[in-house]
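Participant: Contents of data-v3.cif (mmCIF, C-alpha atoms and all ligand atoms):
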data_model
loop_
_atom_site.label_atom_id
_atom_site.label_comp_id
_atom_site.auth_asym_id
_atom_site.auth_seq_id
_atom_site.Cartn_x
_atom_site.Cartn_y
_atom_site.Cartn_z
CA MET A 1 0.00 0.00 0.00
CA ALA A 2 2.89 2.36 0.75
CA SER A 3 4.42 1.58 -2.64
CA ALA A 4 1.03 2.29 -4.21
CA GLY A 5 1.22 5.86 -2.93
CA HIS A 6 -0.46 5.71 0.48
CA THR A 7 0.66 6.63 3.98
CA VAL A 8 0.50 3.45 5.99
CA VAL A 9 0.81 2.43 9.62
CA GLY A 10 1.07 -1.27 10.35
CA ILE A 11 -0.24 -2.42 13.74
CA ASP A 12 0.54 -5.67 15.52
CA VAL A 13 0.46 -6.84 19.13
CA ASP A 14 3.88 -8.50 18.78
CA GLU A 15 6.50 -5.98 19.91
CA ARG A 16 9.48 -7.87 18.48
CA ARG A 17 7.82 -8.10 15.11
CA ILE A 18 7.01 -4.38 15.12
CA ALA A 19 10.57 -3.50 16.15
CA ALA A 20 12.00 -5.61 13.29
CA LEU A 21 9.59 -4.16 10.75
CA SER A 22 10.45 -0.64 11.89
CA ARG A 23 14.08 -1.44 11.06
CA GLY A 24 12.94 -2.58 7.61
CA GLU A 25 13.30 -6.30 8.38
CA ALA A 26 10.48 -8.62 7.27
CA PRO A 27 9.68 -11.36 9.79
CA PHE A 28 9.47 -13.96 7.02
CA PHE A 29 10.98 -14.64 3.61
CA GLU A 30 9.01 -13.39 0.64
CA PRO A 31 10.72 -12.58 -2.67
CA GLY A 32 10.76 -8.84 -3.42
CA LEU A 33 9.23 -7.82 -0.09
CA ASP A 34 12.43 -6.63 1.62
CA ASP A 35 13.09 -3.94 -0.99
CA LEU A 36 9.55 -2.59 -0.81
CA LEU A 37 9.60 -2.67 2.97
CA ARG A 38 12.90 -0.81 3.19
CA ALA A 39 11.78 1.77 0.63
CA GLY A 40 8.57 2.39 2.57
CA VAL A 41 10.34 2.73 5.91
CA GLU A 42 13.07 4.98 4.50
CA SER A 43 10.61 7.31 2.76
CA GLY A 44 8.52 7.60 5.92
CA ALA A 45 5.39 6.43 4.08
CA LEU A 46 5.39 3.22 6.13
CA THR A 47 5.57 3.12 9.92
CA PHE A 48 4.76 0.42 12.47
CA SER A 49 3.32 0.49 15.95
CA THR A 50 1.85 -1.68 18.69
CA ASP A 51 -0.48 1.15 19.69
CA ILE A 52 -3.80 1.10 17.85
CA ALA A 53 -4.20 4.82 18.67
CA ASP A 54 -1.54 5.44 15.99
CA ALA A 55 -4.13 4.32 13.44
CA ALA A 56 -6.81 6.75 14.64
CA ASP A 57 -6.33 9.10 11.66
CA ALA A 58 -6.71 6.36 9.07
CA ASP A 59 -9.39 6.59 6.39
CA VAL A 60 -9.11 2.84 5.79
CA HIS A 61 -8.29 0.03 8.22
CA PHE A 62 -7.31 -3.29 6.66
CA ILE A 63 -7.72 -6.30 8.91
CA ALA A 64 -5.20 -8.97 7.96
CA VAL A 65 -4.93 -11.06 11.13
CA GLY A 66 -4.95 -14.85 10.97
CA THR A 67 -8.03 -17.05 11.33
CA PRO A 68 -6.31 -20.33 12.22
CA GLN A 69 -7.99 -23.71 12.40
CA SER A 70 -9.56 -24.47 15.79
CA ASP A 71 -9.90 -27.95 17.31
CA THR A 72 -13.26 -28.48 15.60
CA GLY A 73 -11.89 -27.60 12.16
CA ALA A 74 -13.79 -24.29 12.15
CA ALA A 75 -11.91 -20.98 11.84
CA ASP A 76 -10.80 -19.41 15.12
CA LEU A 77 -12.16 -15.86 14.96
CA ARG A 78 -10.57 -14.58 18.16
CA TYR A 79 -7.98 -12.37 16.49
CA VAL A 80 -10.28 -10.83 13.92
CA ASP A 81 -12.87 -10.15 16.66
CA ALA A 82 -10.19 -8.46 18.76
CA ALA A 83 -9.00 -6.38 15.80
CA ILE A 84 -12.54 -5.12 15.15
CA ALA A 85 -12.98 -4.23 18.81
CA ASP A 86 -9.66 -2.34 18.85
CA ILE A 87 -10.46 -0.45 15.66
CA ALA A 88 -13.99 0.38 16.85
CA GLY A 89 -12.38 2.17 19.80
CA ILE A 90 -10.43 4.62 17.63
CA LEU A 91 -12.36 4.77 14.36
CA LYS A 92 -12.92 8.15 12.63
CA PRO A 93 -16.56 8.76 11.65
CA GLY A 94 -17.21 7.35 8.17
CA ALA A 95 -13.86 5.52 7.97
CA LEU A 96 -13.78 2.16 6.21
CA VAL A 97 -12.82 -1.13 7.80
CA ALA A 98 -11.78 -3.54 5.04
CA GLY A 99 -11.60 -7.20 6.06
CA LYS A 100 -8.91 -9.25 4.35
CA SER A 101 -8.83 -12.20 6.74
CA THR A 102 -10.47 -15.42 5.55
CA VAL A 103 -13.66 -15.80 7.58
CA PRO A 104 -16.63 -18.18 7.58
CA VAL A 105 -19.44 -16.94 5.38
CA GLY A 106 -21.84 -14.83 7.43
CA TYR A 107 -19.16 -13.26 9.61
CA ALA A 108 -18.94 -9.94 7.76
CA SER A 109 -22.57 -8.99 8.27
CA THR A 110 -22.22 -9.26 12.05
CA ALA A 111 -18.86 -7.48 11.92
CA ALA A 112 -20.54 -4.70 9.91
CA GLU A 113 -23.02 -4.09 12.71
CA ARG A 114 -20.18 -3.63 15.18
CA VAL A 115 -18.29 -1.28 12.86
CA GLU A 116 -21.41 0.71 12.03
CA ALA A 117 -22.26 1.06 15.72
CA ALA A 118 -18.84 2.70 16.09
CA GLY A 119 -19.64 5.15 13.26
CA GLY A 120 -17.69 3.44 10.48
CA ARG A 121 -18.49 1.27 7.45
CA LEU A 122 -17.31 -2.21 6.52
CA ALA A 123 -16.25 -3.91 3.32
CA TRP A 124 -15.06 -7.50 2.93
CA ASN A 125 -12.18 -7.47 0.51
CA PRO A 126 -10.70 -10.99 0.31
CA GLU A 127 -7.07 -11.63 -0.44
CA PHE A 128 -5.93 -14.01 -3.18
CA LEU A 129 -2.16 -13.64 -3.04
CA ARG A 130 0.09 -16.68 -3.14
CA GLU A 131 3.14 -16.97 -0.94
CA GLY A 132 6.25 -16.68 -3.04
CA PHE A 133 4.41 -14.29 -5.41
CA ALA A 134 2.86 -12.07 -2.77
CA VAL A 135 4.26 -8.77 -4.05
CA GLN A 136 3.32 -9.41 -7.65
CA ASP A 137 -0.13 -10.75 -6.70
CA THR A 138 -0.78 -7.68 -4.55
CA LEU A 139 0.37 -5.05 -7.02
CA ALA A 140 -1.09 -6.78 -10.09
CA PRO A 141 -3.87 -9.04 -8.82
CA ASP A 142 -6.06 -11.29 -11.01
CA ARG A 143 -9.09 -9.51 -9.60
CA LEU A 144 -10.36 -7.36 -6.74
CA VAL A 145 -13.53 -8.29 -4.89
CA TYR A 146 -15.37 -5.76 -2.74
CA GLY A 147 -18.13 -7.15 -0.55
CA VAL A 148 -20.20 -4.20 0.65
CA ARG A 149 -23.55 -3.44 2.18
CA ASP A 150 -26.22 -2.98 -0.47
CA GLY A 151 -25.98 0.56 -1.85
CA ASP A 152 -22.82 1.54 0.06
CA THR A 153 -21.26 3.44 -2.83
CA ALA A 154 -19.02 5.34 -0.41
CA ALA A 155 -17.27 2.08 0.54
CA VAL A 156 -16.75 1.28 -3.15
CA ASP A 157 -15.36 4.77 -3.81
CA ILE A 158 -12.92 4.50 -0.90
CA LEU A 159 -11.61 1.13 -2.10
CA ASP A 160 -11.36 2.41 -5.68
CA ALA A 161 -9.20 5.26 -4.38
CA VAL A 162 -7.04 2.83 -2.37
CA TYR A 163 -6.57 0.57 -5.39
CA ALA A 164 -6.39 3.36 -7.98
CA ARG A 165 -2.96 2.35 -9.31
CA ILE A 166 -3.90 -1.30 -9.42
CA LEU A 167 -7.18 -0.62 -11.22
CA GLU A 168 -5.27 1.53 -13.73
CA VAL A 169 -3.28 -1.51 -14.87
CA GLY A 170 -6.54 -3.28 -15.61
CA ALA A 171 -7.40 -5.52 -12.66
CA PRO A 172 -11.05 -6.59 -12.93
CA ARG A 173 -13.08 -5.52 -9.91
CA LEU A 174 -16.30 -7.10 -8.73
CA VAL A 175 -18.67 -5.50 -6.24
CA THR A 176 -20.74 -8.03 -4.33
CA ASP A 177 -22.62 -8.43 -1.08
CA PHE A 178 -20.76 -9.54 2.05
CA ALA A 179 -21.65 -13.22 1.84
CA THR A 180 -20.62 -13.56 -1.80
CA ALA A 181 -17.25 -11.92 -1.14
CA GLU A 182 -16.61 -14.27 1.79
CA LEU A 183 -17.65 -17.28 -0.29
CA VAL A 184 -15.48 -16.27 -3.26
CA LYS A 185 -12.41 -16.64 -1.09
CA VAL A 186 -13.13 -20.08 0.29
CA ALA A 187 -14.59 -21.30 -3.01
CA ALA A 188 -11.37 -20.32 -4.81
CA ASN A 189 -9.19 -22.19 -2.32
CA ALA A 190 -11.57 -25.17 -2.28
CA PHE A 191 -11.39 -25.37 -6.07
CA LEU A 192 -7.59 -25.24 -6.08
CA ALA A 193 -7.41 -27.91 -3.37
CA THR A 194 -9.83 -30.08 -5.34
CA LYS A 195 -7.76 -29.72 -8.47
CA ILE A 196 -4.61 -30.87 -6.67
CA SER A 197 -6.37 -33.80 -4.99
CA PHE A 198 -7.95 -34.76 -8.31
CA ILE A 199 -4.55 -35.15 -9.93
CA ASN A 200 -3.23 -36.97 -6.86
CA ALA A 201 -6.16 -39.39 -7.12
CA MET A 202 -5.22 -39.91 -10.78
CA ALA A 203 -1.65 -40.54 -9.63
CA GLU A 204 -2.89 -43.35 -7.40
CA VAL A 205 -4.71 -44.93 -10.35
CA ALA A 206 -1.72 -44.34 -12.63
CA ASP A 207 0.52 -46.13 -10.12
CA ALA A 208 -1.84 -49.11 -10.15
CA VAL A 209 -1.56 -49.52 -13.93
CA GLY A 210 1.92 -48.20 -14.64
CA ALA A 211 0.64 -45.04 -16.39
CA ASP A 212 2.32 -41.61 -16.17
CA VAL A 213 0.31 -38.91 -14.39
CA THR A 214 2.59 -36.10 -15.58
CA GLN A 215 1.79 -36.93 -19.20
CA LEU A 216 -1.85 -37.30 -18.27
CA ALA A 217 -1.79 -33.82 -16.69
CA ASP A 218 -0.13 -32.38 -19.82
CA ALA A 219 -2.71 -34.00 -22.05
CA ILE A 220 -5.81 -32.95 -20.11
CA GLY A 221 -4.25 -29.57 -19.34
CA TYR A 222 -4.27 -28.61 -23.02
CA ASP A 223 -8.04 -28.48 -22.74
CA GLY A 224 -8.58 -24.81 -21.94
CA ARG A 225 -11.53 -25.71 -19.75
CA ILE A 226 -9.26 -27.77 -17.52
CA GLY A 227 -5.92 -25.96 -17.69
CA ARG A 228 -2.50 -27.36 -16.73
CA ARG A 229 -1.90 -25.23 -13.63
CA PHE A 230 -2.38 -26.87 -10.21
CA LEU A 231 -2.26 -30.31 -11.78
CA ASN A 232 1.14 -31.27 -10.39
CA ALA A 233 0.79 -34.57 -8.61
CA GLY A 234 2.96 -35.37 -5.62
CA ILE A 235 3.09 -35.03 -1.88
CA GLY A 236 0.02 -32.73 -1.91
CA PHE A 237 -0.92 -29.32 -0.63
CA GLY A 238 -0.06 -27.68 2.66
CA GLY A 239 0.41 -24.19 4.02
CA GLY A 240 -1.60 -21.84 6.14
CA CYS A 241 -4.52 -21.61 3.71
CA LEU A 242 -5.73 -24.53 1.60
CA PRO A 243 -5.88 -27.23 4.31
CA LYS A 244 -7.50 -25.07 6.98
CA ASP A 245 -9.81 -23.30 4.55
CA ILE A 246 -11.39 -26.50 3.24
CA ARG A 247 -11.89 -27.76 6.80
CA GLY A 248 -13.34 -24.42 7.88
CA PHE A 249 -15.64 -24.46 4.85
CA VAL A 250 -16.92 -27.94 5.72
CA ALA A 251 -17.54 -26.87 9.34
CA ARG A 252 -19.38 -23.71 8.29
CA ALA A 253 -21.49 -25.49 5.66
CA GLN A 254 -22.61 -27.96 8.32
CA GLU A 255 -23.66 -25.12 10.61
CA LEU A 256 -25.66 -23.69 7.73
CA GLY A 257 -27.38 -27.03 7.09
CA VAL A 258 -25.69 -27.55 3.71
CA GLY A 259 -22.92 -29.88 4.85
CA GLU A 260 -23.68 -32.33 2.04
CA SER A 261 -22.91 -29.69 -0.60
CA VAL A 262 -19.25 -29.59 0.34
CA ALA A 263 -18.91 -33.08 1.82
CA PHE A 264 -16.60 -33.89 -1.13
CA LEU A 265 -14.02 -31.60 0.46
CA ARG A 266 -13.50 -34.21 3.16
CA GLU A 267 -12.46 -36.57 0.39
CA VAL A 268 -10.19 -33.87 -1.04
CA ASP A 269 -8.58 -33.61 2.41
CA SER A 270 -8.21 -37.40 2.72
CA ILE A 271 -6.62 -37.77 -0.70
CA ASN A 272 -4.24 -35.01 0.26
CA LEU A 273 -3.19 -36.57 3.56
CA ARG A 274 -2.89 -39.94 1.82
CA SER A 275 -0.43 -38.38 -0.64
CA ARG A 276 1.92 -37.71 2.26
CA VAL A 277 1.55 -41.23 3.59
CA ARG A 278 2.30 -42.65 0.13
CA VAL A 279 5.58 -40.77 0.00
CA VAL A 280 6.47 -42.17 3.42
CA SER A 281 5.55 -45.69 2.22
CA HIS A 282 7.67 -45.32 -0.89
CA ALA A 283 10.63 -44.30 1.27
CA VAL A 284 10.11 -47.15 3.70
CA GLY A 285 9.57 -49.54 0.76
CA ALA A 286 12.88 -48.41 -0.74
CA LEU A 287 14.51 -49.35 2.57
CA GLY A 288 13.08 -52.86 2.34
CA GLY A 289 10.14 -52.20 4.65
CA ASP A 290 11.86 -51.03 7.82
CA ALA A 291 13.00 -47.46 8.49
CA GLY A 292 14.25 -48.19 12.01
CA GLY A 293 17.71 -46.69 12.53
CA ARG A 294 18.09 -45.93 8.81
CA ARG A 295 19.44 -42.60 7.64
CA VAL A 296 16.96 -40.64 5.49
CA ALA A 297 17.55 -37.27 3.83
CA VAL A 298 14.47 -35.06 3.47
CA LEU A 299 14.99 -32.22 0.99
CA GLY A 300 12.46 -29.43 1.41
CA LEU A 301 10.54 -28.39 4.51
CA ALA A 302 8.72 -25.26 3.31
CA PHE A 303 5.17 -26.05 2.14
CA LYS A 304 6.17 -24.66 -1.25
CA PRO A 305 9.31 -23.18 -2.80
CA ASP A 306 10.28 -19.52 -2.34
CA SER A 307 8.77 -19.47 1.13
CA ASP A 308 10.02 -20.20 4.64
CA ASP A 309 6.52 -21.12 5.77
CA VAL A 310 6.22 -24.60 7.31
CA ARG A 311 2.59 -24.38 8.42
CA ASP A 312 0.98 -27.75 7.62
CA SER A 313 3.94 -28.47 5.39
CA PRO A 314 3.80 -31.85 3.65
CA GLY A 315 7.61 -32.09 3.68
CA LEU A 316 7.91 -31.45 7.40
CA ASP A 317 5.04 -33.89 8.02
CA VAL A 318 6.80 -36.61 6.02
CA ALA A 319 10.04 -35.96 7.92
CA ILE A 320 8.19 -36.31 11.23
CA GLN A 321 6.36 -39.46 10.11
CA LEU A 322 9.65 -41.05 9.07
CA LYS A 323 11.22 -40.10 12.38
CA ALA A 324 8.24 -41.63 14.19
CA LEU A 325 8.99 -44.86 12.28
CA GLY A 326 12.46 -44.84 13.79
CA ALA A 327 14.42 -43.34 10.89
CA HIS A 328 17.37 -41.04 11.47
CA VAL A 329 16.04 -38.09 9.48
CA VAL A 330 18.40 -35.36 8.28
CA ALA A 331 16.43 -32.45 6.84
CA HIS A 332 17.45 -29.62 4.54
CA ASP A 333 15.70 -26.56 3.18
CA PRO A 334 17.16 -23.45 1.53
CA LYS A 335 15.04 -21.05 3.65
CA ALA A 336 12.78 -22.83 6.11
CA ILE A 337 15.17 -24.44 8.60
CA ALA A 338 14.69 -21.77 11.27
CA SER A 339 10.90 -21.97 11.13
CA ALA A 340 10.95 -25.79 11.00
CA ARG A 341 13.35 -26.00 13.94
CA GLN A 342 11.09 -23.74 15.97
CA ARG A 343 8.17 -26.14 15.47
CA TYR A 344 10.08 -29.42 15.62
CA PRO A 345 13.40 -29.01 17.44
CA GLU A 346 13.74 -32.80 17.62
CA LEU A 347 14.62 -33.19 13.92
CA GLU A 348 18.20 -32.91 12.69
CA TYR A 349 18.66 -29.97 10.32
CA VAL A 350 21.59 -29.18 8.04
CA ASP A 351 22.31 -26.00 6.08
CA ASP A 352 24.14 -27.70 3.26
CA VAL A 353 22.32 -30.13 1.00
CA ASP A 354 25.47 -32.26 0.70
CA ASP A 355 25.38 -32.84 4.46
CA ALA A 356 21.83 -34.13 4.13
CA LEU A 357 22.83 -36.48 1.32
CA ARG A 358 25.97 -37.77 3.02
CA GLY A 359 25.36 -41.31 4.22
CA ALA A 360 21.64 -41.28 3.35
CA GLU A 361 20.09 -44.65 2.54
CA VAL A 362 17.14 -42.99 0.85
CA VAL A 363 16.56 -39.39 -0.25
CA VAL A 364 13.06 -37.87 -0.19
CA LEU A 365 12.47 -34.71 -2.23
CA ALA A 366 9.52 -32.92 -0.64
CA THR A 367 9.57 -29.31 -1.94
CA GLU A 368 10.36 -28.32 -5.50
CA TRP A 369 13.09 -25.76 -4.83
CA ALA A 370 15.04 -24.74 -7.95
CA GLU A 371 18.24 -25.68 -6.09
CA TYR A 372 17.18 -29.33 -6.00
CA ARG A 373 16.54 -29.52 -9.73
CA GLY A 374 20.16 -28.51 -10.15
CA LEU A 375 21.41 -31.48 -8.14
CA ASP A 376 23.84 -33.63 -10.09
CA PRO A 377 22.84 -37.30 -9.75
CA LYS A 378 26.43 -38.38 -10.31
CA ALA A 379 27.93 -36.17 -7.61
CA ALA A 380 25.01 -36.87 -5.25
CA GLY A 381 25.60 -40.57 -5.81
CA THR A 382 29.09 -40.33 -4.35
CA LEU A 383 27.70 -38.88 -1.09
CA VAL A 384 24.83 -41.22 -0.27
CA ALA A 385 25.12 -44.68 1.21
CA ALA A 386 22.60 -46.04 -1.30
CA ARG A 387 21.30 -44.50 -4.52
CA ARG A 388 17.59 -44.40 -3.78
CA ILE A 389 15.38 -41.36 -4.23
CA VAL A 390 11.68 -40.71 -3.78
CA ASP A 391 10.74 -37.63 -5.78
CA GLY A 392 7.67 -36.36 -3.94
CA ARG A 393 7.14 -33.55 -6.45
CA ASN A 394 8.01 -35.28 -9.74
CA TRP A 395 10.61 -32.57 -9.94
CA LEU A 396 13.70 -34.37 -11.18
CA ASP A 397 14.70 -35.81 -14.54
CA ALA A 398 13.96 -39.48 -13.82
CA ALA A 399 16.03 -40.74 -16.76
CA ALA A 400 19.11 -38.76 -15.69
CA TRP A 401 18.92 -40.11 -12.15
CA ARG A 402 18.31 -43.67 -13.27
CA GLY A 403 21.15 -43.26 -15.72
CA GLU A 404 23.49 -42.74 -12.78
CA GLY A 405 22.31 -45.91 -11.11
CA TRP A 406 19.68 -44.42 -8.84
CA GLN A 407 16.55 -46.30 -7.88
CA TYR A 408 14.19 -43.42 -8.72
CA ARG A 409 10.56 -43.37 -7.53
CA GLY A 410 8.21 -40.59 -8.66
CA ILE A 411 4.53 -40.16 -7.84
CA GLY A 412 2.12 -41.69 -10.36
CA ARG A 413 4.96 -42.25 -12.82
CA PRO A 414 6.50 -45.57 -13.82
C1 LIG B 1 -3.19 -20.21 -1.68
C2 LIG B 1 -3.95 -19.73 -2.92
O1 LIG B 1 -3.30 -20.20 -4.10
C3 LIG B 1 -3.99 -18.20 -2.95
O2 LIG B 1 -4.76 -17.75 -4.06
C4 LIG B 1 -4.65 -17.71 -1.65
O3 LIG B 1 -4.68 -16.29 -1.58
C5 LIG B 1 -3.85 -18.23 -0.46
O4 LIG B 1 -3.81 -19.67 -0.51
C6 LIG B 1 -4.54 -17.77 0.78
O5 LIG B 1 -5.66 -18.23 1.05
O6 LIG B 1 -4.03 -16.87 1.45
P1 LIG B 1 -0.61 -20.43 -1.04
O7 LIG B 1 -1.09 -21.09 0.21
O8 LIG B 1 0.44 -19.39 -0.98
O9 LIG B 1 -1.85 -19.75 -1.79
O10 LIG B 1 -0.05 -21.58 -1.97
P2 LIG B 1 -0.45 -22.31 -3.33
O11 LIG B 1 0.40 -21.81 -4.42
O12 LIG B 1 -1.93 -22.30 -3.53
O13 LIG B 1 0.02 -23.79 -3.00
C7 LIG B 1 -0.62 -24.52 -1.96
C8 LIG B 1 -0.05 -25.90 -1.84
O14 LIG B 1 -0.43 -26.68 -2.96
C9 LIG B 1 1.47 -25.99 -1.77
O15 LIG B 1 1.83 -26.90 -0.75
C10 LIG B 1 1.86 -26.50 -3.14
O16 LIG B 1 3.05 -27.23 -3.10
C11 LIG B 1 0.68 -27.39 -3.46
N1 LIG B 1 0.48 -27.64 -4.90
C12 LIG B 1 0.25 -26.60 -5.74
C13 LIG B 1 0.53 -28.93 -5.38
O17 LIG B 1 0.73 -29.90 -4.62
N2 LIG B 1 0.33 -29.15 -6.72
C14 LIG B 1 0.08 -28.13 -7.58
O18 LIG B 1 -0.10 -28.40 -8.78
C15 LIG B 1 0.04 -26.83 -7.08
#
Output the structure of this file as structure tokens.
Facilitator:
Amino acid sequence: MASAGHTVVGIDVDERRIAALSRGEAPFFEPGLDDLLRAGVESGALTFSTDIADAADADVHFIAVGTPQSDTGAADLRYVDAAIADIAGILKPGALVAGKSTVPVGYASTAAERVEAAGGRLAWNPEFLREGFAVQDTLAPDRLVYGVRDGDTAAVDILDAVYARILEVGAPRLVTDFATAELVKVAANAFLATKISFINAMAEVADAVGADVTQLADAIGYDGRIGRRFLNAGIGFGGGCLPKDIRGFVARAQELGVGESVAFLREVDSINLRSRVRVVSHAVGALGGDAGGRRVAVLGLAFKPDSDDVRDSPGLDVAIQLKALGAHVVAHDPKAIASARQRYPELEYVDDVDDALRGAEVVVLATEWAEYRGLDPKAAGTLVAARRIVDGRNWLDAAAWRGEGWQYRGIGRP
């Protein structure tokens, strides 16, 4: 927002985070973000504070707090509720509160009553950015969605002014009611999750008959109605969004009495979790059926490349499952070791991929980092104790690895 010409104050309750941001240091890795952050801080357009009173002059308040999964699978709305209460205490008359957090459908209309009682107005303005492409997706989004109260043209005008530079480059913008805007967000993530689990289900069938799911994905992907993106079979989806959003959607649909309509998302979730277990089984199978005391290298802990996020990461999950089976797991990731170590200090982490490979009896590739595609099967073969690799992302050139004497196992590929 600062780079789009606005004066911005970022508020958080975490003092260490605010102190780091004020020095221009992002608390996580995101390509391109550091430069924008530093430029904003240096120009003075971007400041940070733990005191909500510092936001009292704002014309627009974006709420971007997390809505994590609770024990029941539903979204935990504690933080977004607290943010609304804090903002209501300092809101200027007529100012806009724009919700970005992913919430269960129906939340915004009750939030609107609270904001309106405080003299403001509410819009629900869901976020579609992908980690790893967050800057690009924010400054040149596929679309903008404004969920507003019927007839609230002032809210639309305020958001148009906020997004003026983004609208200029041609982003489509849709104005909807609150419930539609909320649903758009979860429907988009549910569709993406379904697409990934669909191809992983095809991978299971392909494995049963010796077919190649990557060729299958290429072939069906040429059909414009289907499209090739998000048809990469493998260890499945993770992260802070897709897994929790489909579970939250199922929980909310049940509350609304339409649980059956999205019951298929439970299957999407099961296929996804099964994809992780299959990678573990392939690794254990490569070891002759017993992982106890065996040295296993896991390459990739971030839930996707170009991120240091390990929330619900398939790679970290596989590493933990293998450790639970008694394996001596040595894990590597180009960016995510610190965040993985924080969650699971009991795993062994190494900064150099060669140290992970050294002595490994099987290698599991779990995240498709560019660095791993560059691995030389010949050189890697001199480090490991046995040339066995499970490619959980179908990321490597199978023929090249087999050519160097590796027992190569992809997902849904002969
Ligand atoms: C996802 C959505 O793509 C964003 O549009 C949305 O804004 C975001 O959630 C959110 O709700 O905040 P993100 O979680 O950053 O973004 O990651 P994705 O690129 O969607 O990937 C999710 C997972 O699916 C990753 O673990 C990735 O490895 C996996 N994936 C992706 C596959 O297994 N196969 C594919 O073909 C594509």
Participant: Mind checking which residues fall within 8 Å of region 293-304 of chain A, counting all atoms listed in the file, ignoring those fewer than 3 positions away in the same chain, and posting them as number ranges by chain?
Facilitator: A: 237-239, 287, 307-316, 319, 326-337, 340, 353, 356-357, 359-369, 372
Participant: Quick one: contact table of chain A to ligand LIG 1 (chain B), 9 Å max, nearest atom pair and distance in Å to one decimal per residue, counting all atoms listed in the file, chain and number order, as a tab-separated table?
Facilitator:
residue	atom	partner	partner_atom	distance
A:Ser101	CA	B:LIG1	O6	8.5
A:Thr102	CA	B:LIG1	O5	7.2
A:Pro126	CA	B:LIG1	O3	8.2
A:Glu127	CA	B:LIG1	O3	5.4
A:Phe128	CA	B:LIG1	O3	3.1
A:Leu129	CA	B:LIG1	O3	3.9
A:Arg130	CA	B:LIG1	O8	3.5
A:Glu131	CA	B:LIG1	O8	3.6
A:Gly132	CA	B:LIG1	O8	6.7
A:Phe133	CA	B:LIG1	O8	7.8
A:Ala134	CA	B:LIG1	O8	7.9
A:Asp137	CA	B:LIG1	O2	8.8
A:Lys185	CA	B:LIG1	O5	7.3
A:Val186	CA	B:LIG1	O5	7.7
A:Ala188	CA	B:LIG1	O2	7.1
A:Asn189	CA	B:LIG1	C2	5.8
A:Leu192	CA	B:LIG1	O12	6.9
A:Ala193	CA	B:LIG1	O14	7.1
A:Lys195	CA	B:LIG1	O18	7.8
A:Ile196	CA	B:LIG1	N2	5.2
A:Ser197	CA	B:LIG1	O17	8.1
A:Ile199	CA	B:LIG1	O18	8.2
A:Asn200	CA	B:LIG1	O17	8.4
A:Arg228	CA	B:LIG1	O18	8.4
A:Arg229	CA	B:LIG1	O18	6.1
A:Phe230	CA	B:LIG1	O18	3.1
A:Leu231	CA	B:LIG1	O18	4.2
A:Asn232	CA	B:LIG1	O18	3.5
A:Ala233	CA	B:LIG1	N2	5.8
A:Gly234	CA	B:LIG1	O17	6.0
A:Ile235	CA	B:LIG1	O17	6.3
A:Gly236	CA	B:LIG1	O17	4.0
A:Phe237	CA	B:LIG1	O14	3.6
A:Gly238	CA	B:LIG1	O15	4.0
A:Gly239	CA	B:LIG1	O7	5.1
A:Gly240	CA	B:LIG1	O7	6.0
A:Cys241	CA	B:LIG1	O5	4.4
A:Leu242	CA	B:LIG1	O4	5.6
A:Pro243	CA	B:LIG1	C8	8.6
A:Asp245	CA	B:LIG1	O5	7.4
A:Asn272	CA	B:LIG1	O17	8.6
A:Ala302	CA	B:LIG1	O15	8.2
A:Phe303	CA	B:LIG1	O15	4.5
A:Lys304	CA	B:LIG1	O16	4.4
A:Pro305	CA	B:LIG1	O16	7.5
A:Ser307	CA	B:LIG1	O8	8.6
A:Asp312	CA	B:LIG1	O15	8.5
A:Ser313	CA	B:LIG1	O15	6.7
A:Pro314	CA	B:LIG1	O15	6.9
A:Gly315	CA	B:LIG1	O15	8.9
A:Ala366	CA	B:LIG1	O16	9.0
A:Thr367	CA	B:LIG1	O16	6.9
A:Glu368	CA	B:LIG1	O16	7.8
A:Arg393	CA	B:LIG1	O17	7.6
Participant: Which residue gives the smallest distance to Gln321 (chain A) among A:Leu174, A:Val277, A:Val350, A:Ala123, with all atoms listed in the file counted?
Facilitator: A:Val277
Participant: Rank nothing, just name the residue among A:Ala400, A:Ala263, A:Val145, A:Ala19 nearest to Lys378 (chain A), using all atoms listed in the file.
Facilitator: A:Ala400
Participant: What separation in Å, quoted to one decimal, exists between CA of Asp14 (chain A) and CA of Gly44 (chain A)?
Facilitator: 21.1 Å
Participant: Take CA of Val156 (chain A) and CA of Leu144 (chain A) and report the distance between them in Å, one decimal.
Facilitator: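 So the answer is 11.3 Å.
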Participant: What lies within 8 Å of region 71-83 of chain A using all atoms listed in the file, ignoring chain neighbours under 3 positions off, as a compact mmCIF listing (two decimals) with C-alpha atoms, keeping the file's coordinate frame?
Facilitator:
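The resulting file, selection_14.txt, is shown below:
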# COMPACT_ATOMS: atom_id res chain seq x y z
CA ILE A 63 -7.72 -6.30 8.91
CA VAL A 65 -4.93 -11.06 11.13
CA GLY A 66 -4.95 -14.85 10.97
CA THR A 67 -8.03 -17.05 11.33
CA PRO A 68 -6.31 -20.33 12.22
CA ASP A 86 -9.66 -2.34 18.85
CA ILE A 87 -10.46 -0.45 15.66
CA SER A 101 -8.83 -12.20 6.74
CA VAL A 103 -13.66 -15.80 7.58
CA PRO A 104 -16.63 -18.18 7.58
CA LYS A 244 -7.50 -25.07 6.98
CA ASP A 245 -9.81 -23.30 4.55
CA ARG A 247 -11.89 -27.76 6.80
CA GLY A 248 -13.34 -24.42 7.88
CA PHE A 249 -15.64 -24.46 4.85
CA ALA A 251 -17.54 -26.87 9.34
CA ARG A 252 -19.38 -23.71 8.29
